[in-house]
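Data block for coords_7.cif (mmCIF, C-alpha atoms):
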data_upload
loop_
_atom_site.label_atom_id
_atom_site.label_comp_id
_atom_site.auth_asym_id
_atom_site.auth_seq_id
_atom_site.Cartn_x
_atom_site.Cartn_y
_atom_site.Cartn_z
CA MET A 12 56.99 186.88 58.13
CA ALA A 13 53.72 188.79 57.97
CA ASN A 14 53.77 189.06 61.72
CA ALA A 15 57.15 190.73 61.88
CA ALA A 16 55.97 193.14 59.21
CA ALA A 17 53.14 194.18 61.52
CA SER A 18 55.60 195.81 63.91
CA PRO A 19 58.43 197.34 61.92
CA GLY A 20 60.99 199.05 64.05
CA ILE A 21 60.24 197.54 67.46
CA TRP A 22 63.32 195.47 67.98
CA GLY A 23 62.95 192.10 69.69
CA THR A 24 59.19 192.42 69.78
CA THR A 25 56.44 190.32 68.24
CA ILE A 26 52.92 191.65 68.07
CA PHE A 27 50.54 188.80 68.87
CA ASP A 28 48.02 189.49 66.12
CA GLY A 29 45.69 187.44 63.95
CA THR A 30 48.55 185.98 61.95
CA ALA A 31 50.33 184.80 65.09
CA ALA A 32 47.08 183.65 66.67
CA GLN A 33 46.35 181.42 63.67
CA ARG A 34 49.91 180.17 63.48
CA GLY A 35 50.02 179.29 67.16
CA TYR A 36 46.50 178.05 67.77
CA ALA A 37 47.33 174.40 68.49
CA LEU A 38 50.29 175.30 70.69
CA ASN A 39 48.36 177.89 72.68
CA LYS A 40 45.43 175.52 73.03
CA MET A 41 47.70 172.89 74.51
CA CYS A 42 49.11 175.46 76.94
CA PHE A 43 45.58 176.58 77.87
CA SER A 44 44.87 172.98 78.91
CA PHE A 45 47.62 173.31 81.55
CA ASN A 46 45.24 175.31 83.72
CA ASP A 47 44.16 171.84 84.84
CA ALA A 48 46.61 170.00 87.12
CA ALA A 49 45.58 166.63 85.66
CA ASN A 50 46.62 167.84 82.21
CA ARG A 51 49.97 169.08 83.51
CA ALA A 52 50.54 165.61 84.95
CA ALA A 53 49.52 163.98 81.66
CA PHE A 54 52.00 166.15 79.77
CA LEU A 55 54.79 165.19 82.16
CA ARG A 56 53.89 161.51 81.85
CA ASP A 57 54.11 161.45 78.06
CA GLU A 58 55.11 164.70 76.42
CA ASP A 59 55.14 163.28 72.87
CA GLU A 60 51.68 161.86 73.14
CA TYR A 61 50.34 165.05 74.70
CA CYS A 62 51.78 167.27 71.96
CA ARG A 63 50.45 164.91 69.30
CA ARG A 64 46.98 165.06 70.80
CA PHE A 65 46.91 168.83 70.27
CA GLY A 66 48.35 168.60 66.77
CA LEU A 67 51.52 170.64 67.29
CA ASP A 68 53.56 171.03 64.12
CA ALA A 69 57.24 170.15 63.90
CA ALA A 70 58.52 173.62 64.81
CA GLN A 71 56.20 173.83 67.81
CA ARG A 72 57.10 170.33 68.95
CA GLU A 73 60.79 171.09 68.68
CA GLY A 74 60.36 174.37 70.55
CA VAL A 75 58.59 172.56 73.37
CA ARG A 76 61.26 169.84 73.40
CA ARG A 77 63.99 172.47 73.76
CA ARG A 78 61.95 174.69 76.16
CA ASP A 79 62.90 177.47 73.75
CA VAL A 80 60.61 180.45 74.32
CA LEU A 81 61.84 182.53 71.36
CA ALA A 82 61.29 179.60 69.00
CA LEU A 83 57.81 179.07 70.44
CA ILE A 84 56.94 182.75 69.95
CA GLU A 85 58.18 182.44 66.36
CA ALA A 86 55.84 179.45 66.04
CA GLY A 87 52.85 181.51 67.19
CA GLY A 88 53.02 181.03 70.95
CA ASN A 89 51.49 183.74 73.11
CA ILE A 90 53.51 184.58 76.20
CA TYR A 91 50.59 184.19 78.64
CA TYR A 92 50.04 180.66 77.38
CA LEU A 93 53.74 179.87 77.18
CA ALA A 94 53.98 180.95 80.83
CA LYS A 95 51.69 178.03 81.70
CA LEU A 96 54.06 175.65 79.89
CA ALA A 97 57.09 177.23 81.58
CA GLY A 98 55.35 176.86 84.94
CA ILE A 99 55.34 173.09 84.52
CA PHE A 100 59.14 173.20 84.57
CA GLY A 101 59.17 175.61 87.51
CA LEU A 102 60.28 178.55 85.34
CA ASN A 103 58.96 182.02 86.17
CA VAL A 104 58.94 185.16 84.00
CA GLN A 105 62.46 186.11 85.09
CA ASP A 106 63.80 182.71 84.13
CA ILE A 107 62.24 182.97 80.70
CA GLY A 108 63.25 186.63 80.42
CA ALA A 109 66.85 185.56 81.03
CA GLN A 110 66.53 182.78 78.48
CA GLN A 111 65.14 185.06 75.79
CA THR A 112 67.74 187.76 76.29
CA GLY A 113 70.75 185.49 76.58
CA ARG A 114 71.45 186.54 80.15
CA THR A 115 71.82 184.57 83.35
CA VAL A 116 68.87 185.02 85.71
CA GLU A 117 71.05 187.16 87.98
CA GLU A 118 72.10 189.34 85.04
CA PHE A 119 68.48 189.67 83.97
CA ARG A 120 67.43 190.74 87.48
CA ALA A 121 70.23 193.32 87.52
CA TYR A 122 69.00 194.59 84.16
CA LEU A 123 65.49 195.03 85.63
CA ARG A 124 66.85 196.82 88.69
CA ALA A 125 68.85 199.17 86.49
CA ALA A 126 65.60 200.32 84.87
CA GLY A 127 64.76 201.99 88.18
CA ASP A 128 67.90 204.15 88.26
CA MET B 19 21.76 207.00 93.79
CA ALA B 20 25.02 205.15 93.38
CA ARG B 21 28.11 207.27 93.81
CA ILE B 22 31.67 206.66 92.63
CA VAL B 23 33.87 207.16 95.68
CA GLY B 24 37.12 207.01 93.75
CA GLY B 25 39.40 205.12 91.45
CA ILE B 26 42.63 203.25 91.95
CA GLY B 27 45.23 202.30 89.37
CA THR B 28 47.39 199.36 90.32
CA SER B 29 49.64 196.69 88.88
CA HIS B 30 48.17 193.20 88.92
CA ILE B 31 51.07 190.87 88.22
CA PRO B 32 51.00 187.37 89.74
CA ALA B 33 54.27 187.93 91.63
CA ILE B 34 52.36 190.32 93.94
CA GLY B 35 49.94 187.56 94.93
CA ILE B 36 52.78 185.09 95.36
CA ALA B 37 54.67 187.55 97.60
CA MET B 38 51.53 188.01 99.72
CA ALA B 39 50.99 184.25 99.97
CA ARG B 40 54.61 183.80 101.07
CA GLN B 41 54.38 186.74 103.51
CA GLN B 42 57.27 188.55 101.82
CA CYS B 43 55.66 191.99 101.86
CA ASP B 44 58.11 193.37 104.44
CA GLU B 45 61.22 192.11 102.69
CA PRO B 46 63.48 194.83 101.22
CA TYR B 47 62.62 193.83 97.67
CA TRP B 48 58.88 194.20 98.20
CA ARG B 49 58.54 196.83 100.93
CA PRO B 50 58.69 199.91 98.62
CA PHE B 51 55.83 198.41 96.65
CA PHE B 52 53.53 197.24 99.44
CA GLU B 53 54.08 200.23 101.74
CA ALA B 54 52.36 202.47 99.21
CA TYR B 55 49.12 200.56 99.75
CA LEU B 56 48.87 201.30 103.48
CA PRO B 57 47.35 204.79 103.04
CA VAL B 58 45.18 203.44 100.23
CA ARG B 59 43.71 200.84 102.58
CA ARG B 60 43.08 203.51 105.21
CA TRP B 61 41.29 205.59 102.59
CA ILE B 62 39.19 202.55 101.59
CA GLU B 63 38.24 202.05 105.24
CA SER B 64 37.14 205.66 105.44
CA VAL B 65 34.99 205.68 102.28
CA ARG B 66 33.60 202.14 102.84
CA PRO B 67 32.84 201.12 99.25
CA THR B 68 30.04 198.61 98.77
CA VAL B 69 30.89 197.64 95.19
CA ALA B 70 34.19 197.33 93.30
CA VAL B 71 34.19 197.50 89.51
CA VAL B 72 37.44 195.90 88.42
CA ILE B 73 38.85 196.58 84.95
CA TYR B 74 41.41 193.96 83.92
CA ASN B 75 42.46 191.65 81.13
CA ASP B 76 41.99 187.91 81.34
CA HIS B 77 45.27 186.09 80.62
CA GLY B 78 43.93 182.72 79.52
CA LEU B 79 41.78 181.51 82.40
CA ASN B 80 38.23 182.41 81.39
CA PHE B 81 38.82 183.30 77.74
CA PHE B 82 40.87 181.21 75.36
CA LEU B 83 41.75 182.45 71.89
CA ASP B 84 38.79 180.56 70.41
CA LYS B 85 36.61 183.48 71.51
CA MET B 86 38.20 186.75 72.53
CA PRO B 87 35.81 189.58 73.39
CA THR B 88 37.14 193.12 73.19
CA PHE B 89 35.05 194.20 76.20
CA ALA B 90 33.29 191.69 78.46
CA VAL B 91 31.20 192.54 81.51
CA GLY B 92 30.50 190.05 84.27
CA ALA B 93 26.81 189.57 85.04
CA ALA B 94 26.98 186.82 87.63
CA SER B 95 26.06 186.62 91.28
CA GLU B 96 29.41 184.99 92.05
CA TYR B 97 32.86 184.87 90.46
CA CYS B 98 35.43 182.19 91.17
CA ASN B 99 39.17 182.26 90.87
CA ALA B 100 40.86 179.08 89.61
CA ASP B 101 44.18 177.40 88.90
CA GLU B 102 46.06 179.29 86.17
CA GLY B 103 48.70 176.63 85.82
CA TRP B 104 51.64 177.88 87.83
CA GLY B 105 50.90 177.77 91.50
CA LEU B 106 49.31 181.07 92.51
CA PRO B 107 47.04 180.18 95.45
CA THR B 108 43.34 180.22 94.54
CA LEU B 109 41.32 182.79 96.49
CA MET B 110 37.80 182.57 97.89
CA PRO B 111 34.87 183.40 95.56
CA PHE B 112 33.68 186.97 95.05
CA GLN B 113 30.06 187.97 95.42
CA GLY B 114 28.72 189.78 92.36
CA ASP B 115 25.81 192.15 91.85
CA ALA B 116 23.98 190.88 88.80
CA ALA B 117 21.31 193.58 88.90
CA LEU B 118 23.89 196.38 88.82
CA SER B 119 25.85 194.49 86.14
CA TRP B 120 22.80 194.36 83.89
CA HIS B 121 22.12 198.03 84.49
CA ILE B 122 25.71 198.84 83.44
CA ILE B 123 25.36 196.56 80.40
CA GLU B 124 22.08 198.22 79.37
CA ARG B 125 23.60 201.69 79.64
CA LEU B 126 26.87 200.83 77.92
CA VAL B 127 25.14 199.17 74.98
CA ALA B 128 22.77 202.13 74.76
CA ALA B 129 25.91 204.29 74.56
CA GLU B 130 26.98 202.09 71.60
CA PHE B 131 29.61 200.00 73.35
CA ASP B 132 28.79 196.53 72.04
CA LEU B 133 29.73 194.13 74.79
CA THR B 134 30.03 190.50 75.60
CA THR B 135 28.01 189.60 78.70
CA CYS B 136 29.13 186.81 81.00
CA GLN B 137 26.79 185.01 83.38
CA GLU B 138 29.69 182.75 84.24
CA MET B 139 33.20 184.15 84.43
CA LYS B 140 36.29 182.82 86.11
CA VAL B 141 38.50 185.65 87.32
CA ASP B 142 42.28 185.40 87.06
CA HIS B 143 45.20 187.21 88.71
CA GLY B 144 44.40 190.40 86.80
CA PHE B 145 41.26 190.67 88.91
CA VAL B 146 42.14 188.89 92.15
CA VAL B 147 45.58 190.40 92.84
CA PRO B 148 44.19 193.97 93.04
CA MET B 149 41.32 192.78 95.28
CA GLN B 150 43.84 191.09 97.55
CA LEU B 151 46.00 194.23 97.57
CA MET B 152 43.06 196.39 98.68
CA TRP B 153 41.76 193.91 101.29
CA PRO B 154 44.76 191.76 102.25
CA ASN B 155 43.32 190.26 105.41
CA ALA B 156 39.73 189.78 104.34
CA THR B 157 38.10 186.61 105.56
CA SER B 158 35.14 187.56 103.41
CA TRP B 159 35.25 190.21 100.71
CA PRO B 160 33.71 193.43 102.05
CA VAL B 161 32.40 194.50 98.63
CA ARG B 162 30.42 192.99 95.81
CA ALA B 163 32.49 192.93 92.64
CA ILE B 164 31.86 193.45 88.95
CA PRO B 165 34.64 192.29 86.62
CA ILE B 166 35.14 194.00 83.28
CA HIS B 167 37.59 192.34 80.91
CA VAL B 168 39.41 194.20 78.14
CA ASN B 169 41.30 192.34 75.45
CA THR B 170 44.95 193.30 75.76
CA VAL B 171 46.12 189.82 74.74
CA GLN B 172 45.38 189.36 71.04
CA HIS B 173 45.77 192.29 68.65
CA PRO B 174 43.92 194.27 67.44
CA LEU B 175 43.30 195.77 70.90
CA PRO B 176 40.83 198.58 71.63
CA SER B 177 42.49 201.98 71.32
CA PRO B 178 43.31 204.15 74.33
CA ARG B 179 40.80 206.71 73.02
CA ARG B 180 38.04 204.11 72.85
CA CYS B 181 38.87 202.93 76.35
CA LEU B 182 38.77 206.43 77.83
CA ALA B 183 35.34 206.88 76.23
CA PHE B 184 34.26 203.48 77.54
CA GLY B 185 35.24 204.61 81.01
CA GLN B 186 33.27 207.83 80.66
CA ALA B 187 30.19 205.84 79.67
CA LEU B 188 30.83 203.39 82.50
CA GLY B 189 30.93 206.22 85.04
CA LYS B 190 27.61 207.59 83.81
CA ALA B 191 26.12 204.09 83.87
CA ILE B 192 27.19 203.53 87.47
CA GLU B 193 25.93 206.91 88.65
CA SER B 194 22.54 206.39 87.03
CA TRP B 195 21.89 203.35 89.23
CA PRO B 196 18.99 204.42 91.46
CA HIS B 197 20.16 202.58 94.60
CA GLU B 198 22.51 203.64 97.37
CA GLU B 199 25.92 202.25 96.54
CA ARG B 200 29.46 203.52 97.05
CA VAL B 201 31.41 202.29 94.06
CA LEU B 202 35.19 201.95 93.80
CA VAL B 203 36.66 201.56 90.31
CA LEU B 204 39.93 199.66 89.96
CA GLY B 205 41.99 200.07 86.79
CA THR B 206 44.57 197.31 86.77
CA GLY B 207 47.72 196.22 84.97
CA GLY B 208 50.78 197.98 83.66
CA LEU B 209 52.75 199.98 83.82
CA SER B 210 55.61 199.29 81.39
CA HIS B 211 56.67 195.68 81.04
CA GLN B 212 57.56 193.20 78.37
CA LEU B 213 57.61 189.49 79.09
CA ASP B 214 58.29 188.19 75.59
CA GLY B 215 60.93 188.42 72.92
CA GLN B 216 64.54 189.53 72.83
CA ARG B 217 63.40 192.85 74.31
CA ALA B 218 62.03 191.04 77.40
CA GLY B 219 62.66 193.04 80.56
CA PHE B 220 62.05 196.36 78.86
CA ILE B 221 60.84 198.97 81.38
CA ASN B 222 60.46 202.69 80.60
CA LYS B 223 60.49 204.67 83.83
CA PRO B 224 60.27 208.17 82.23
CA PHE B 225 57.23 207.15 80.20
CA ASP B 226 55.57 205.50 83.21
CA LEU B 227 56.07 208.67 85.27
CA PHE B 228 54.68 210.71 82.38
CA CYS B 229 51.57 208.47 82.31
CA LEU B 230 51.11 208.76 86.10
CA GLU B 231 51.20 212.53 85.77
CA LYS B 232 49.07 212.97 82.64
CA ILE B 233 46.30 210.55 83.55
CA VAL B 234 45.27 212.78 86.46
CA ASP B 235 44.34 216.01 84.65
CA GLU B 236 45.02 215.34 80.97
CA PRO B 237 44.01 211.75 80.19
CA GLU B 238 43.27 212.76 76.60
CA VAL B 239 47.04 213.15 76.10
CA LEU B 240 47.35 209.41 76.76
CA ALA B 241 44.26 208.68 74.68
CA ASN B 242 46.14 210.06 71.67
CA TYR B 243 48.63 207.20 71.66
CA SER B 244 48.09 204.26 69.36
CA ILE B 245 48.40 200.74 70.72
CA ARG B 246 51.51 200.26 68.61
CA GLU B 247 53.08 203.35 70.19
CA LEU B 248 52.24 201.99 73.65
CA VAL B 249 53.95 198.70 72.77
CA GLU B 250 57.00 200.61 71.63
CA LEU B 251 57.09 202.94 74.66
CA ALA B 252 55.88 200.60 77.39
CA GLY B 253 56.53 197.06 76.15
CA THR B 254 54.26 194.33 74.86
CA GLN B 255 52.23 194.37 78.08
CA GLY B 256 52.27 198.18 78.28
CA PRO B 257 48.89 198.57 76.53
CA GLU B 258 47.31 197.47 79.82
CA LEU B 259 47.37 201.22 80.44
CA VAL B 260 44.01 201.26 78.65
CA GLN B 261 42.50 199.67 81.77
CA TRP B 262 43.70 202.63 83.81
CA LEU B 263 42.15 204.94 81.21
CA ILE B 264 38.78 203.23 81.67
CA MET B 265 39.06 203.81 85.42
CA ARG B 266 40.06 207.42 84.82
CA GLY B 267 37.20 207.98 82.38
CA ALA B 268 34.69 206.64 84.90
CA LEU B 269 35.66 209.35 87.41
CA GLY B 270 34.51 212.18 85.15
CA PRO B 271 36.26 215.37 84.04
CA ALA B 272 37.91 216.52 87.26
CA VAL B 273 39.73 214.47 89.88
CA ARG B 274 41.97 214.98 92.89
CA LYS B 275 45.09 212.87 93.34
CA LEU B 276 45.31 211.52 96.89
CA GLN B 277 48.19 209.04 96.60
CA SER B 278 50.61 207.80 94.01
CA ASN B 279 53.62 205.54 93.88
CA TYR B 280 56.06 204.23 91.33
CA HIS B 281 58.58 201.50 91.95
CA VAL B 282 60.91 199.50 89.70
CA PRO B 283 61.12 196.61 89.48
CA ILE B 284 58.53 194.27 90.83
CA SER B 285 59.25 191.07 88.96
CA ASN B 286 59.60 192.31 85.35
CA THR B 287 57.37 195.34 85.80
CA GLY B 288 57.44 199.05 86.41
CA SER B 289 54.68 199.22 89.02
CA GLY B 290 52.40 202.20 89.31
CA MET B 291 49.78 203.03 91.90
CA LEU B 292 47.41 205.95 91.83
CA LEU B 293 44.48 206.84 94.08
CA LEU B 294 42.04 209.40 92.69
CA GLU B 295 38.88 210.97 94.03
CA LYS B 296 36.27 212.76 92.01
CA ALA B 297 36.61 216.51 92.40
CA ALA B 298 33.34 218.20 93.29
#
Structure encoded using structure tokens:
Amino acid sequence: MANAAASPGIWGTTIFDGTAAQRGYALNKMCFSFNDAANRAAFLRDEDEYCRRFGLDAAQREGVRRRDVLALIEAGGNIYYLAKLAGIFGLNVQDIGAQQTGRTVEEFRAYLRAAGD
Amino acid sequence: MARIVGGIGTSHIPAIGIAMARQQCDEPYWRPFFEAYLPVRRWIESVRPTVAVVIYNDHGLNFFLDKMPTFAVGAASEYCNADEGWGLPTLMPFQGDAALSWHIIERLVAAEFDLTTCQEMKVDHGFVVPMQLMWPNATSWPVRAIPIHVNTVQHPLPSPRRCLAFGQALGKAIESWPHEERVLVLGTGGLSHQLDGQRAGFINKPFDLFCLEKIVDEPEVLANYSIRELVELAGTQGPELVQWLIMRGALGPAVRKLQSNYHVPISNTGSGMLLLEKAA
């Protein structure tokens, strides 16, 4: 992955650069559309059709189907845009932080609190 | 002549706005964060700014990735907030000052900062949360506002050094405006946080405290970091520190620290607050 090569040594971190931005364009464009409540409703009505309309590829479509943030980042998703997708399912940044780190939400919150010690 | 009355560094995360909307500011989780703003608001009342220049990064409300300016300056007479997709209440519009915006644009471009100019610009939480923090009970905003967006979303990002220099040019631009204005500069975002990846939740308290100390009298120490180093030390969203460096640059060589606060966590973030005045 060219993108991973752009940030050697920063574990668990993807730099959202030109490579990622090209890779994820369709996915991020779909998520950008979720600024509009009517589009969020259209997505919820027919997720397949909505993803098709924006031309998501198979990996992106599967990542959306599984609500899998790490897979969506791997497929070029930018976290600010993915947050708009997550918001549709009522997930906030702690929910998706827990998901990405394999913790429960309570464990993730405890991890954040510990950073203040 | 316009005068810069001071600068404030503050976090701008959406959770702050949500806590304010839900009236949770006095709850134990939030109190250590919000309490720090009480003396800041008293200071604002005493200096009575007429204009706020707000340095922030748009997170996908006004700018999509089809066009991503490195630096963009608002040049509108009004700026509206809008739905960002996940339920943060939309705030009332902000009055701009197009004449001052164009003066700043003229001076910055003359100083070789090649900008994007925006006669229409929706402002997202990066802009509105700090405004709401400074004036929580406003029924109309007591200042005109000028938004300045910095790309901290899609790499390559402008370097800390470039942003400090941008701030220095911005300060000179503001203070060459030949009309009576009292200008407050808000540098928003940060401090350390990482929303994405397996390292999500990364917060670096020692580095944040180091930044809060150095930015006062030795901002060039922070200007020496690369963006990649800031990602490593402060998380993927940590480069928002450059917006504080623009604020710091605008205040000129010498400043006095009036207030500061650091609290972990608010949501996923190490939150910093700093109130600086220009030293005579």
Residue members of the PyMOL selection byres ((chain A) within 7 of (chain B)) in the file shown, as number ranges by chain:
A: 21-25, 27-29, 43, 45-47, 81, 90-92, 95, 98-99, 104-105, 108, 111-112, 123-124, 126-127
Residue nearest Val147 in chain B among B:Arg49, B:Arg60, B:Arg200, B:His30 (counting all atoms listed in the file):
B:His30
For the structure provided, state which residues fall under the PyMOL selection byres ((chain B and resi 164) around 9), and present them as a PyMOL selection string.
chain B and resi 69-73+91-94+97+113-116+118-119+162-163+165-166
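Distances to Ala37 in chain A were evaluated for A:Asn103, A:Gln110, A:Asn89, A:Thr115 using all atoms listed in the file, and the minimum falls at A:Asn89.
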So how many Å separate CA of Ala70 in chain A and CA of Ala52 in chain A, to one decimal?
23.1 Å
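The coordinates place CA of Tyr55 in chain B at 10.5 Å from CA of Ile26 in chain B.
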What does the PyMOL selection byres ((chain B and resi 182-197) around 10) select in this file, as a PDB file with C-alpha atoms, keeping the file's coordinate frame?
ATOM      1  CA  MET B  19      21.760 207.000  93.790  1.00  0.00           C
ATOM      2  CA  ALA B  20      25.020 205.150  93.380  1.00  0.00           C
ATOM      3  CA  ARG B  21      28.110 207.270  93.810  1.00  0.00           C
ATOM      4  CA  ILE B  22      31.670 206.660  92.630  1.00  0.00           C
ATOM      5  CA  VAL B  71      34.190 197.500  89.510  1.00  0.00           C
ATOM      6  CA  ILE B  73      38.850 196.580  84.950  1.00  0.00           C
ATOM      7  CA  PHE B  89      35.050 194.200  76.200  1.00  0.00           C
ATOM      8  CA  ALA B 117      21.310 193.580  88.900  1.00  0.00           C
ATOM      9  CA  LEU B 118      23.890 196.380  88.820  1.00  0.00           C
ATOM     10  CA  SER B 119      25.850 194.490  86.140  1.00  0.00           C
ATOM     11  CA  HIS B 121      22.120 198.030  84.490  1.00  0.00           C
ATOM     12  CA  ILE B 122      25.710 198.840  83.440  1.00  0.00           C
ATOM     13  CA  ILE B 123      25.360 196.560  80.400  1.00  0.00           C
ATOM     14  CA  GLU B 124      22.080 198.220  79.370  1.00  0.00           C
ATOM     15  CA  ARG B 125      23.600 201.690  79.640  1.00  0.00           C
ATOM     16  CA  LEU B 126      26.870 200.830  77.920  1.00  0.00           C
ATOM     17  CA  VAL B 127      25.140 199.170  74.980  1.00  0.00           C
ATOM     18  CA  ALA B 128      22.770 202.130  74.760  1.00  0.00           C
ATOM     19  CA  ALA B 129      25.910 204.290  74.560  1.00  0.00           C
ATOM     20  CA  GLU B 130      26.980 202.090  71.600  1.00  0.00           C
ATOM     21  CA  PHE B 131      29.610 200.000  73.350  1.00  0.00           C
ATOM     22  CA  SER B 177      42.490 201.980  71.320  1.00  0.00           C
ATOM     23  CA  PRO B 178      43.310 204.150  74.330  1.00  0.00           C
ATOM     24  CA  ARG B 179      40.800 206.710  73.020  1.00  0.00           C
ATOM     25  CA  ARG B 180      38.040 204.110  72.850  1.00  0.00           C
ATOM     26  CA  CYS B 181      38.870 202.930  76.350  1.00  0.00           C
ATOM     27  CA  GLU B 198      22.510 203.640  97.370  1.00  0.00           C
ATOM     28  CA  GLU B 199      25.920 202.250  96.540  1.00  0.00           C
ATOM     29  CA  ARG B 200      29.460 203.520  97.050  1.00  0.00           C
ATOM     30  CA  VAL B 201      31.410 202.290  94.060  1.00  0.00           C
ATOM     31  CA  VAL B 203      36.660 201.560  90.310  1.00  0.00           C
ATOM     32  CA  GLY B 205      41.990 200.070  86.790  1.00  0.00           C
ATOM     33  CA  PRO B 237      44.010 211.750  80.190  1.00  0.00           C
ATOM     34  CA  GLU B 238      43.270 212.760  76.600  1.00  0.00           C
ATOM     35  CA  LEU B 240      47.350 209.410  76.760  1.00  0.00           C
ATOM     36  CA  ALA B 241      44.260 208.680  74.680  1.00  0.00           C
ATOM     37  CA  VAL B 260      44.010 201.260  78.650  1.00  0.00           C
ATOM     38  CA  GLN B 261      42.500 199.670  81.770  1.00  0.00           C
ATOM     39  CA  TRP B 262      43.700 202.630  83.810  1.00  0.00           C
ATOM     40  CA  LEU B 263      42.150 204.940  81.210  1.00  0.00           C
ATOM     41  CA  ILE B 264      38.780 203.230  81.670  1.00  0.00           C
ATOM     42  CA  MET B 265      39.060 203.810  85.420  1.00  0.00           C
ATOM     43  CA  ARG B 266      40.060 207.420  84.820  1.00  0.00           C
ATOM     44  CA  GLY B 267      37.200 207.980  82.380  1.00  0.00           C
ATOM     45  CA  ALA B 268      34.690 206.640  84.900  1.00  0.00           C
ATOM     46  CA  LEU B 269      35.660 209.350  87.410  1.00  0.00           C
ATOM     47  CA  GLY B 270      34.510 212.180  85.150  1.00  0.00           C
ATOM     48  CA  PRO B 271      36.260 215.370  84.040  1.00  0.00           C
TER      49      PRO B 271
END
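Between CA of Glu258 in chain B and CA of Trp48 in chain B lies a distance of 22.0 Å.
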Which residues come within 9 Å of Arg72 in chain A, counting only C-alpha atoms, excluding same-chain residues fewer than 6 positions away, as an MDAnalysis selection string?
chainID A and resid 38 59 62:63 83
Extract, using all atoms listed in the file, all DNA, RNA and protein residues at most 10 Å from Ala37 in chain B, discarding same-chain residues fewer than 6 positions from it, and format them as a count of residues only.
6
Proximity to Val161 in chain B - best of B:Gln137, B:Asn99, B:Ser278, B:Thr68, only C-alpha atoms
B:Thr68
